[in-house]
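*Asks:* Dropping the structure in here first, questions after.
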Amino acid sequence: MADISFLLLTFFLLTSSINTDKGISRKLSPYVEAESKSAEVKKRNIMIVLVNANNQLMVNGNVEIISNLKSKVIDFLANPANSPELPEKAIKNIDLLGNVQVSKGVISLQSDRGTSYETYVKIQDELSLAYTELRNRLSREKFGRKFDDLKSEAKMEAIQKAIPINISETEPKNTGGNK
Amino acid sequence: MARFKKNIRKDVPTINTGSMSDIIFMFLFFFMVITNIRETTLFVKYTPPKATDIQKLEKKSMSCSIYIGQPVKTAVYGTEPRIQLNDQLAEVADVQEFILKERAARPENVRQLLNTILKVDKNVKMGIISDIKLELRKANALRITYATFREAKKAEN
């Protein structure tokens with residue numbers, strides 16, 4: 001009896017994967033009937049990330065490889081030297097943090113209809129890694145621990161406000177033909 | 001010459017195995033309960049891509065899934081990626097209705113929190129996904145998640 005149930009147990013142990021759904025969460029922008037009013041954003045505040053149908057990446061007109069994207073995004077958003085080429089910062093008063101410089105930088109992600117989903121997810125992943133690192137930096141500086149370890153809704157919200165995820169996606173182009 | 005004592009007791013007292021089966025059965029039931037058997041049969045091939053910076057989705061009741069991938073029965077449905085909603089293959093135009101139905105099935109106070117999980121095969125092209133995203137935006141289902149596998153995290157600096 002015990003042998004049989006042992007066998008069953010090991011079978012379940014080996015075959016089972018406690019599969020919770022995991023993934024990258026994003027928020028879509030609300031649908032507007034006629035997309036006529038395109039908010040004017042200054043050129044210095046936009047970082048154009050473009051992926052073409054051959055899964056090649058271009059950042060602000062320069063060809064890039066995906067693994068460099070994270071550091072590019074961090075440099076772009078952090079703008080430590082207040083360079084006039086990189087995004088402006090607005091000073092905002094946020095609870096628990098006081099006056100913080102919030103970057104006005106927006107990442108414009110443009111994909112093609114022929115881009116593979118795998119590449120797209122890799123790019124989204126790099127973007128979230130960049131945001132996570134920036135949030136961790138601020139969180140360490142202000143509260144002395146990583147963003148995920150904050151354990152306080154209010155603190156997390158404050159950090160989220162200080163480093164908002166601004167990724168705008170344009171309708172994909174269709175240069176690679178219908179597929 | 002000293003002789004070794006012969007009468008050292010070598011046998012260790014045996015463990016009472018009477019309750020062993022109970023314990024094992026408890027384990028067995030535990031594992032049987034926590035493993036979830038896939039509730040929808042998949043009509044499309046689905047291997048998620050890998051990513052490192054991912055979140056777990058806690059509230060399963062607040063999410064609905066859209067599968068996209070190559071149909072399993074390529075002889076019947078062809079090799080073009082198809083959408084699966086619940087238990088059937090569907091078209092892009094059906095997505096809005098699906099979202100409305102899913103939303104209606106939830107309690108009123110959490111309807112806006114409905115999360116749509118896009119379970120997309122890694123070989124699918126972005127075209128069909130952006131069509132679906134447009135439909136989701138039209139249906140005002142703005143919270144989405146791209147389902148991924150976890151990849152070993154890169155060394156943090």
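Within each chain, counting starts at residue 1; across the structure tokens, chains are named A, B, ... in the order shown, with ligands numbered 1 upward in that order.
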What residues in chain A have any atom no more than 6 Å from chain B when counting only C-alpha atoms, and can you write them as a compact mmCIF listing (two decimals) with N, CA, C and O atoms, in the first residue's frame?
*Replies:*
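The result, stored in out.txt:
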```txt
# COMPACT_ATOMS: atom_id res chain seq x y z
N ALA A 2 1.76 1.28 0.98
CA ALA A 2 2.64 2.46 1.09
C ALA A 2 3.50 2.58 -0.16
O ALA A 2 3.76 3.69 -0.64
N LEU A 9 2.95 9.33 -5.46
CA LEU A 9 3.47 10.60 -4.95
C LEU A 9 4.63 11.10 -5.79
O LEU A 9 4.65 12.25 -6.23
N SER A 16 4.16 17.43 -11.80
CA SER A 16 3.40 18.65 -11.55
C SER A 16 4.28 19.88 -11.64
O SER A 16 5.44 19.88 -11.22
N ILE A 18 3.61 23.75 -10.59
CA ILE A 18 2.61 24.64 -10.03
C ILE A 18 2.59 25.87 -10.92
O ILE A 18 3.35 26.81 -10.70
N ASP A 21 0.25 31.94 -13.63
CA ASP A 21 0.52 32.75 -14.81
C ASP A 21 1.52 33.83 -14.48
O ASP A 21 1.40 34.52 -13.48
N LYS A 22 2.52 33.94 -15.32
CA LYS A 22 3.52 34.98 -15.12
C LYS A 22 3.63 35.79 -16.39
O LYS A 22 3.39 35.27 -17.48
N GLY A 23 4.03 37.03 -16.26
CA GLY A 23 4.18 37.80 -17.47
C GLY A 23 4.51 39.25 -17.22
O GLY A 23 4.73 39.67 -16.10
N ILE A 24 4.57 39.98 -18.31
CA ILE A 24 4.87 41.40 -18.26
C ILE A 24 3.56 42.16 -18.36
O ILE A 24 2.85 42.01 -19.35
N SER A 25 3.24 42.93 -17.35
CA SER A 25 1.98 43.67 -17.37
C SER A 25 2.15 45.04 -18.01
O SER A 25 3.14 45.70 -17.77
N ARG A 26 1.20 45.40 -18.80
CA ARG A 26 1.23 46.70 -19.45
C ARG A 26 -0.16 47.30 -19.44
O ARG A 26 -1.15 46.58 -19.31
N LYS A 27 -0.21 48.60 -19.59
CA LYS A 27 -1.51 49.25 -19.69
C LYS A 27 -1.64 49.86 -21.07
O LYS A 27 -0.76 50.57 -21.53
N LEU A 28 -2.73 49.56 -21.73
CA LEU A 28 -2.96 50.12 -23.06
C LEU A 28 -3.53 51.52 -22.91
O LEU A 28 -4.13 51.85 -21.89
N PRO A 30 -6.25 54.37 -23.77
CA PRO A 30 -7.66 54.30 -24.16
C PRO A 30 -7.84 54.57 -25.65
O PRO A 30 -7.06 55.29 -26.26
N TYR A 31 -8.88 53.99 -26.18
CA TYR A 31 -9.14 54.13 -27.62
C TYR A 31 -9.81 55.47 -27.89
O TYR A 31 -10.78 55.84 -27.22
N ARG A 113 4.28 44.97 -38.32
CA ARG A 113 3.38 43.81 -38.28
C ARG A 113 4.14 42.50 -38.45
O ARG A 113 3.65 41.44 -38.11
N GLY A 114 5.33 42.60 -39.00
CA GLY A 114 6.11 41.38 -39.23
C GLY A 114 7.11 41.07 -38.12
O GLY A 114 7.81 40.07 -38.18
N THR A 115 7.17 41.95 -37.11
CA THR A 115 8.08 41.68 -35.99
C THR A 115 7.63 40.42 -35.26
O THR A 115 6.45 40.21 -35.06
N SER A 116 8.58 39.60 -34.85
CA SER A 116 8.16 38.40 -34.13
C SER A 116 7.85 38.75 -32.69
O SER A 116 8.44 39.66 -32.11
N TYR A 117 6.91 38.02 -32.15
CA TYR A 117 6.45 38.28 -30.78
C TYR A 117 7.59 38.09 -29.79
O TYR A 117 7.70 38.80 -28.80
N GLU A 118 8.45 37.12 -30.08
CA GLU A 118 9.56 36.85 -29.18
C GLU A 118 10.46 38.09 -29.01
O GLU A 118 10.82 38.47 -27.91
N ASP A 125 10.67 43.48 -22.19
CA ASP A 125 11.38 43.02 -21.00
C ASP A 125 12.52 43.96 -20.65
O ASP A 125 12.70 44.37 -19.50
N LEU A 129 12.96 46.13 -17.35
CA LEU A 129 14.18 46.01 -16.53
C LEU A 129 14.73 47.40 -16.23
O LEU A 129 15.16 47.67 -15.10
```
*Asks:* Determine which residues of region 2-156 of chain B DSSP labels as strand (DSSP E) from the backbone of this structure, then write them out as a PyMOL selection string.
*Replies:* chain B and resi 50-51+55-56+63-69+82-85+88-90+115-120+143-147+149-150
*Asks:* Mind dumping the selected residues with C-alpha atoms as a PDB file, in the first residue's frame?
*Replies:*
```pdb
ATOM      1  CA  LYS B  50      11.131  34.039 -22.118  1.00  0.00           C
ATOM      2  CA  ALA B  51      11.581  37.199 -20.091  1.00  0.00           C
ATOM      3  CA  GLN B  55       5.347  39.579 -12.293  1.00  0.00           C
ATOM      4  CA  LYS B  56       3.217  36.784 -10.947  1.00  0.00           C
ATOM      5  CA  SER B  63      -8.110  37.505 -15.516  1.00  0.00           C
ATOM      6  CA  CYS B  64      -9.112  35.966 -18.786  1.00  0.00           C
ATOM      7  CA  SER B  65      -6.841  34.455 -21.393  1.00  0.00           C
ATOM      8  CA  ILE B  66      -6.530  34.848 -25.117  1.00  0.00           C
ATOM      9  CA  TYR B  67      -4.426  32.215 -26.822  1.00  0.00           C
ATOM     10  CA  ILE B  68      -2.748  32.907 -30.142  1.00  0.00           C
ATOM     11  CA  GLY B  69      -0.689  30.416 -32.057  1.00  0.00           C
ATOM     12  CA  ARG B  82      -5.299  31.677 -34.955  1.00  0.00           C
ATOM     13  CA  ILE B  83      -6.970  33.077 -31.879  1.00  0.00           C
ATOM     14  CA  GLN B  84      -8.533  30.874 -29.262  1.00  0.00           C
ATOM     15  CA  LEU B  85     -11.134  32.291 -26.926  1.00  0.00           C
ATOM     16  CA  GLN B  88     -13.069  27.637 -29.689  1.00  0.00           C
ATOM     17  CA  LEU B  89     -11.063  29.245 -32.421  1.00  0.00           C
ATOM     18  CA  ALA B  90     -12.212  32.749 -33.149  1.00  0.00           C
ATOM     19  CA  ASN B 115      -6.810  41.641 -16.700  1.00  0.00           C
ATOM     20  CA  THR B 116      -6.421  40.098 -20.122  1.00  0.00           C
ATOM     21  CA  ILE B 117      -3.558  37.654 -20.409  1.00  0.00           C
ATOM     22  CA  LEU B 118      -2.232  37.365 -23.923  1.00  0.00           C
ATOM     23  CA  LYS B 119      -0.860  33.864 -24.215  1.00  0.00           C
ATOM     24  CA  VAL B 120       0.935  34.130 -27.474  1.00  0.00           C
ATOM     25  CA  ARG B 143      -4.944  45.979 -18.454  1.00  0.00           C
ATOM     26  CA  ILE B 144      -3.030  43.349 -20.330  1.00  0.00           C
ATOM     27  CA  THR B 145      -0.270  40.921 -19.554  1.00  0.00           C
ATOM     28  CA  TYR B 146       2.063  39.249 -21.977  1.00  0.00           C
ATOM     29  CA  ALA B 147       2.447  35.714 -20.633  1.00  0.00           C
ATOM     30  CA  PHE B 149       8.302  31.962 -19.029  1.00  0.00           C
ATOM     31  CA  ARG B 150      10.834  32.993 -16.470  1.00  0.00           C
TER      32      ARG B 150
END
```
*Asks:* Could you tell me how far CA of Ile66 (chain A) lies from CA of Lys122 (chain A), in Å and to one decimal?
*Replies:*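 Answer for the CA of Ile66 (chain A) to CA of Lys122 (chain A) separation: 7.7 Å.
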*Asks:* Give me the residues within 9 Å of Thr132 (chain A) as a PyMOL selection string, counting only C-alpha atoms and dropping any in the same chain fewer than 4 places off.
*Replies:* (chain A and resi 127-128+136-137+147) or (chain B and resi 53)
*Asks:* Mind listing the alpha helix (DSSP H) residues of region 9-126 of chain A, per DSSP on the backbone, as a PyMOL selection string?
*Replies:* chain A and resi 9-15+69-78+117-126
*Asks:* What is the CA of Val49 (chain A) to CA of Leu69 (chain A) distance in Å?
*Replies:*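 Between these atoms lies a distance of 9.0 Å.
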*Asks:* Have a look at CA of Pro84 (chain A) and CA of Glu40 (chain A) and let me know their distance in Å, one decimal.
*Replies:* 18.0 Å
*Asks:* Taking only C-alpha atoms into account, name the residue in A:Leu57, A:Met47, A:Val32, A:Ile91 that is nearest to Ile123 (chain A).
*Replies:* A:Leu57
